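Student: This is the structure, below, for whatever I ask next.
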Amino acid sequence: MTLFDKNIITIAEIESGMLDIVSSKINFLDILLQIKEELYYPLMNKKTNLQIKIECGDFIYQDREKLYLILLNLISNAVEFSPLDSNVIVNVSETEDGIKLVVKDFGEGIDIVEQENIFKQFYQAHSGMNRAHTEGQGLGLSVVDELVELLGGKIEFESKLLDYSIFEVTLPKLLGSEDNFFDDINFYQV
């Protein structure tokens with residue numbers, strides 16, 4: 001299934017209210033290696049070096065499928081909008097009450113006048129040299145934003161045109177922590 005297909009299905013599930021949170025014990029290294037495998041050809045074609053740094057315990061409870069899709073969209077965008085022979089940095093760290101995911105690229109950045117719209121469905125920024133050659137449909141960041149909100153987190157970004165973009169996602173730990181932010185949502189533990 002393509003990333004586009006995954007995003008369309010996720011949007012439909014969110015809009016229908018049929019998207020459940022399924023908490024499980026996850027390992028970030030496994031998730032990031034799976035993403036690296038899924039993005040093998042884009043990484044190779046662009047000669048992009050994916051640098052992964054994990055600064056948290058071996059396991060955490062969170063929704064693996066949604067976390068995977070969040071990271072896949074952010075890393076896929078970072079690779080797509082980076083120049084040849086560049087780096088994409090992914091940093092996962094533990095915070096006092098959750099996790100922080102940071103994806104940084106050294107690509108074309110997002111013009112300040114377009115930044116307020118990047119989380120809207122089907123919106124694609126028009127600035128930058130590679131924008132005319134992209135295959136995206138403007139769904140990835142809107143899906144990321146919706147999933148982050150669903151999981152009780154927040155997303156922030158910083159971007160400088162023709163220099164870099166940094167996306168930072170913070171998410172609470174699920175099941176297993178004393179503070180459960182999701183009392184009104186259906187949970188399944190696997």
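If you're wondering about the labels, chains in the structure tokens are A, B, ... by order shown, residues count from 1 in each chain, ligands from 1 in order shown.
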What's the 12 Å shell around Glu158 of chain A, counting only C-alpha atoms, without same-chain residues fewer than 4 positions away, as a JSON list (two decimals) with C-alpha atoms, in the first residue's frame?
Tutor:
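What landed in out.json:
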```json
[["chain", "number", "residue", "atom", "x", "y", "z"],
["A", 102, "VAL", "CA", 12.33, 15.64, 15.72],
["A", 103, "VAL", "CA", 12.80, 15.39, 11.95],
["A", 104, "LYS", "CA", 15.21, 17.85, 10.36],
["A", 105, "ASP", "CA", 16.19, 18.26, 6.74],
["A", 106, "PHE", "CA", 18.56, 20.65, 5.03],
["A", 109, "GLY", "CA", 12.48, 25.07, 3.49],
["A", 110, "ILE", "CA", 9.01, 26.58, 3.48],
["A", 111, "ASP", "CA", 8.39, 30.24, 2.70],
["A", 112, "ILE", "CA", 7.06, 32.15, 5.71],
["A", 115, "GLN", "CA", 3.72, 28.26, 6.67],
["A", 116, "GLU", "CA", 0.27, 28.91, 8.12],
["A", 118, "ILE", "CA", 0.93, 23.56, 5.50],
["A", 163, "ASP", "CA", 18.05, 26.21, 4.23],
["A", 164, "TYR", "CA", 16.17, 23.75, 6.47],
["A", 165, "SER", "CA", 12.94, 22.53, 8.05],
["A", 166, "ILE", "CA", 12.54, 21.06, 11.53],
["A", 167, "PHE", "CA", 9.35, 19.32, 12.64],
["A", 168, "GLU", "CA", 8.98, 18.54, 16.34],
["A", 169, "VAL", "CA", 6.23, 16.28, 17.67]]
```
Student: When DSSP works through the backbone of this structure, what residues of chain A end up as alpha helix (DSSP H), shown as a ChimeraX atom specification?
Tutor: /A:3-16,28-38,40-45,64-80,140-150
Student: Just the number, please: distance in Å from atom CA of Asp5 of chain A to atom CA of Tyr40 of chain A, one decimal.
Tutor: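 A separation of 18.3 Å between them.
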Student: Within 9 Å of segment 12-15 of chain A, counting only C-alpha atoms, which residues show up once you throw out same-chain ones fewer than 3 positions away? Write them as an mmCIF file with N, CA and C atoms, in the first residue's frame, please.
Tutor:
```
data_model
loop_
_atom_site.group_PDB
_atom_site.id
_atom_site.type_symbol
_atom_site.label_atom_id
_atom_site.label_comp_id
_atom_site.auth_asym_id
_atom_site.auth_seq_id
_atom_site.Cartn_x
_atom_site.Cartn_y
_atom_site.Cartn_z
ATOM 1 N N ASN A 7 -2.642 7.438 3.794
ATOM 2 C CA ASN A 7 -3.145 8.747 4.224
ATOM 3 C C ASN A 7 -4.632 8.905 3.936
ATOM 4 N N ILE A 8 -5.079 8.455 2.773
ATOM 5 C CA ILE A 8 -6.506 8.548 2.417
ATOM 6 C C ILE A 8 -7.349 7.723 3.387
ATOM 7 N N ILE A 9 -6.907 6.510 3.673
ATOM 8 C CA ILE A 9 -7.643 5.652 4.610
ATOM 9 C C ILE A 9 -7.680 6.286 5.988
ATOM 10 N N MET A 18 -14.073 6.593 13.222
ATOM 11 C CA MET A 18 -13.830 5.159 13.357
ATOM 12 C C MET A 18 -12.366 4.822 13.645
ATOM 13 N N LEU A 19 -11.585 5.785 14.042
ATOM 14 C CA LEU A 19 -10.165 5.548 14.283
ATOM 15 C C LEU A 19 -9.928 5.349 15.778
ATOM 16 N N ASP A 20 -9.584 4.128 16.142
ATOM 17 C CA ASP A 20 -9.326 3.807 17.550
ATOM 18 C C ASP A 20 -7.842 3.930 17.842
ATOM 19 N N GLU A 146 -3.480 15.739 12.332
ATOM 20 C CA GLU A 146 -4.673 15.080 12.881
ATOM 21 C C GLU A 146 -4.289 13.957 13.842
ATOM 22 N N LEU A 147 -3.295 13.141 13.463
ATOM 23 C CA LEU A 147 -2.893 12.018 14.315
ATOM 24 C C LEU A 147 -2.238 12.501 15.604
ATOM 25 N N LEU A 150 -5.016 13.636 17.815
ATOM 26 C CA LEU A 150 -5.751 12.468 18.295
ATOM 27 C C LEU A 150 -5.017 11.784 19.445
#
```
Student: Using only C-alpha atoms, which residues sit within 9 Å of Lys25 of chain A once same-chain residues fewer than 2 positions away are excluded, as a PyMOL selection string?
Tutor: chain A and resi 23+27+59-64+189-190
Student: Record the distance separating atom CA of Ile52 of chain A and atom CA of Leu151 of chain A, expressed in Å with one decimal.
Tutor: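 Going from atom CA of Ile52 of chain A over to atom CA of Leu151 of chain A, I get 22.9 Å.
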Student: Just want the 12 Å neighbourhood of Glu38 of chain A, counted on only C-alpha atoms, with same-chain residues fewer than 2 positions away dropped. Output as a PDB file with C-alpha atoms, in the first residue's frame.
Tutor:
```pdb
ATOM      1  CA  MET A   1       0.000   0.000   0.000  1.00  0.00           C
ATOM      2  CA  THR A   2       1.391   3.411  -0.912  1.00  0.00           C
ATOM      3  CA  LEU A   3       1.773   6.296   1.510  1.00  0.00           C
ATOM      4  CA  ILE A  31       9.793   1.508  13.600  1.00  0.00           C
ATOM      5  CA  LEU A  32      12.596   3.639  12.148  1.00  0.00           C
ATOM      6  CA  LEU A  33      14.281   0.678  10.475  1.00  0.00           C
ATOM      7  CA  GLN A  34      10.942  -0.283   8.905  1.00  0.00           C
ATOM      8  CA  ILE A  35      10.547   3.281   7.605  1.00  0.00           C
ATOM      9  CA  LYS A  36      14.103   3.249   6.268  1.00  0.00           C
ATOM     10  CA  TYR A  40      14.834   2.648   0.460  1.00  0.00           C
ATOM     11  CA  TYR A  41      14.431   3.794  -3.154  1.00  0.00           C
ATOM     12  CA  PRO A  42      13.778   7.485  -2.459  1.00  0.00           C
ATOM     13  CA  LEU A  43      16.761   7.511  -0.078  1.00  0.00           C
ATOM     14  CA  MET A  44      19.007   5.818  -2.643  1.00  0.00           C
ATOM     15  CA  TYR A  68       4.628   4.919  12.275  1.00  0.00           C
ATOM     16  CA  LEU A  69       2.456   6.991   9.919  1.00  0.00           C
ATOM     17  CA  LEU A  71       7.166   9.450  11.255  1.00  0.00           C
ATOM     18  CA  LEU A  72       6.775   8.026   7.746  1.00  0.00           C
ATOM     19  CA  ASN A  73       5.084  11.207   6.510  1.00  0.00           C
ATOM     20  CA  ILE A  75      10.648  11.576   6.973  1.00  0.00           C
ATOM     21  CA  SER A  76       9.213  11.073   3.480  1.00  0.00           C
TER      22      SER A  76
END
```
Student: Going by DSSP on the backbone, which residues of segment 18-93 of chain A come out as strand (DSSP E)? List them as JSON, numbers by chain.
Tutor: {"A": [21, 22, 23, 24, 25, 26, 49, 50, 51, 52, 53, 54, 55, 60, 61, 62, 63, 87, 88, 89, 90, 91, 92, 93]}
Student: Which residue gives the smallest distance to Asn45 of chain A among A:Leu162, A:Val79, A:Leu141, A:Ile70, with only C-alpha atoms counted?
Tutor: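 Looking at the shortest contact to Asn45 of chain A, the residue is A:Val79.
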Student: Could you check which of A:Ile21, A:Cys56, A:Ile11, A:Ser159 is closest to Thr95 of chain A, using only C-alpha atoms?
Tutor: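 Smallest distance to Thr95 of chain A is found for A:Cys56.
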Student: So that I can see what lies close to Val92 of chain A, please list as JSON, numbers by chain the residues with an atom at most 7 Å from it, counting only C-alpha atoms and leaving out residues fewer than 6 positions away in the same chain.
Tutor: {"A": [53, 54, 55, 56, 100, 101, 102]}
Student: Between atom CA of Leu39 of chain A and atom CA of Pro83 of chain A, what is the distance, to one decimal in Å?
Tutor: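 One can read the atom CA of Leu39 of chain A to atom CA of Pro83 of chain A distance as 15.8 Å.
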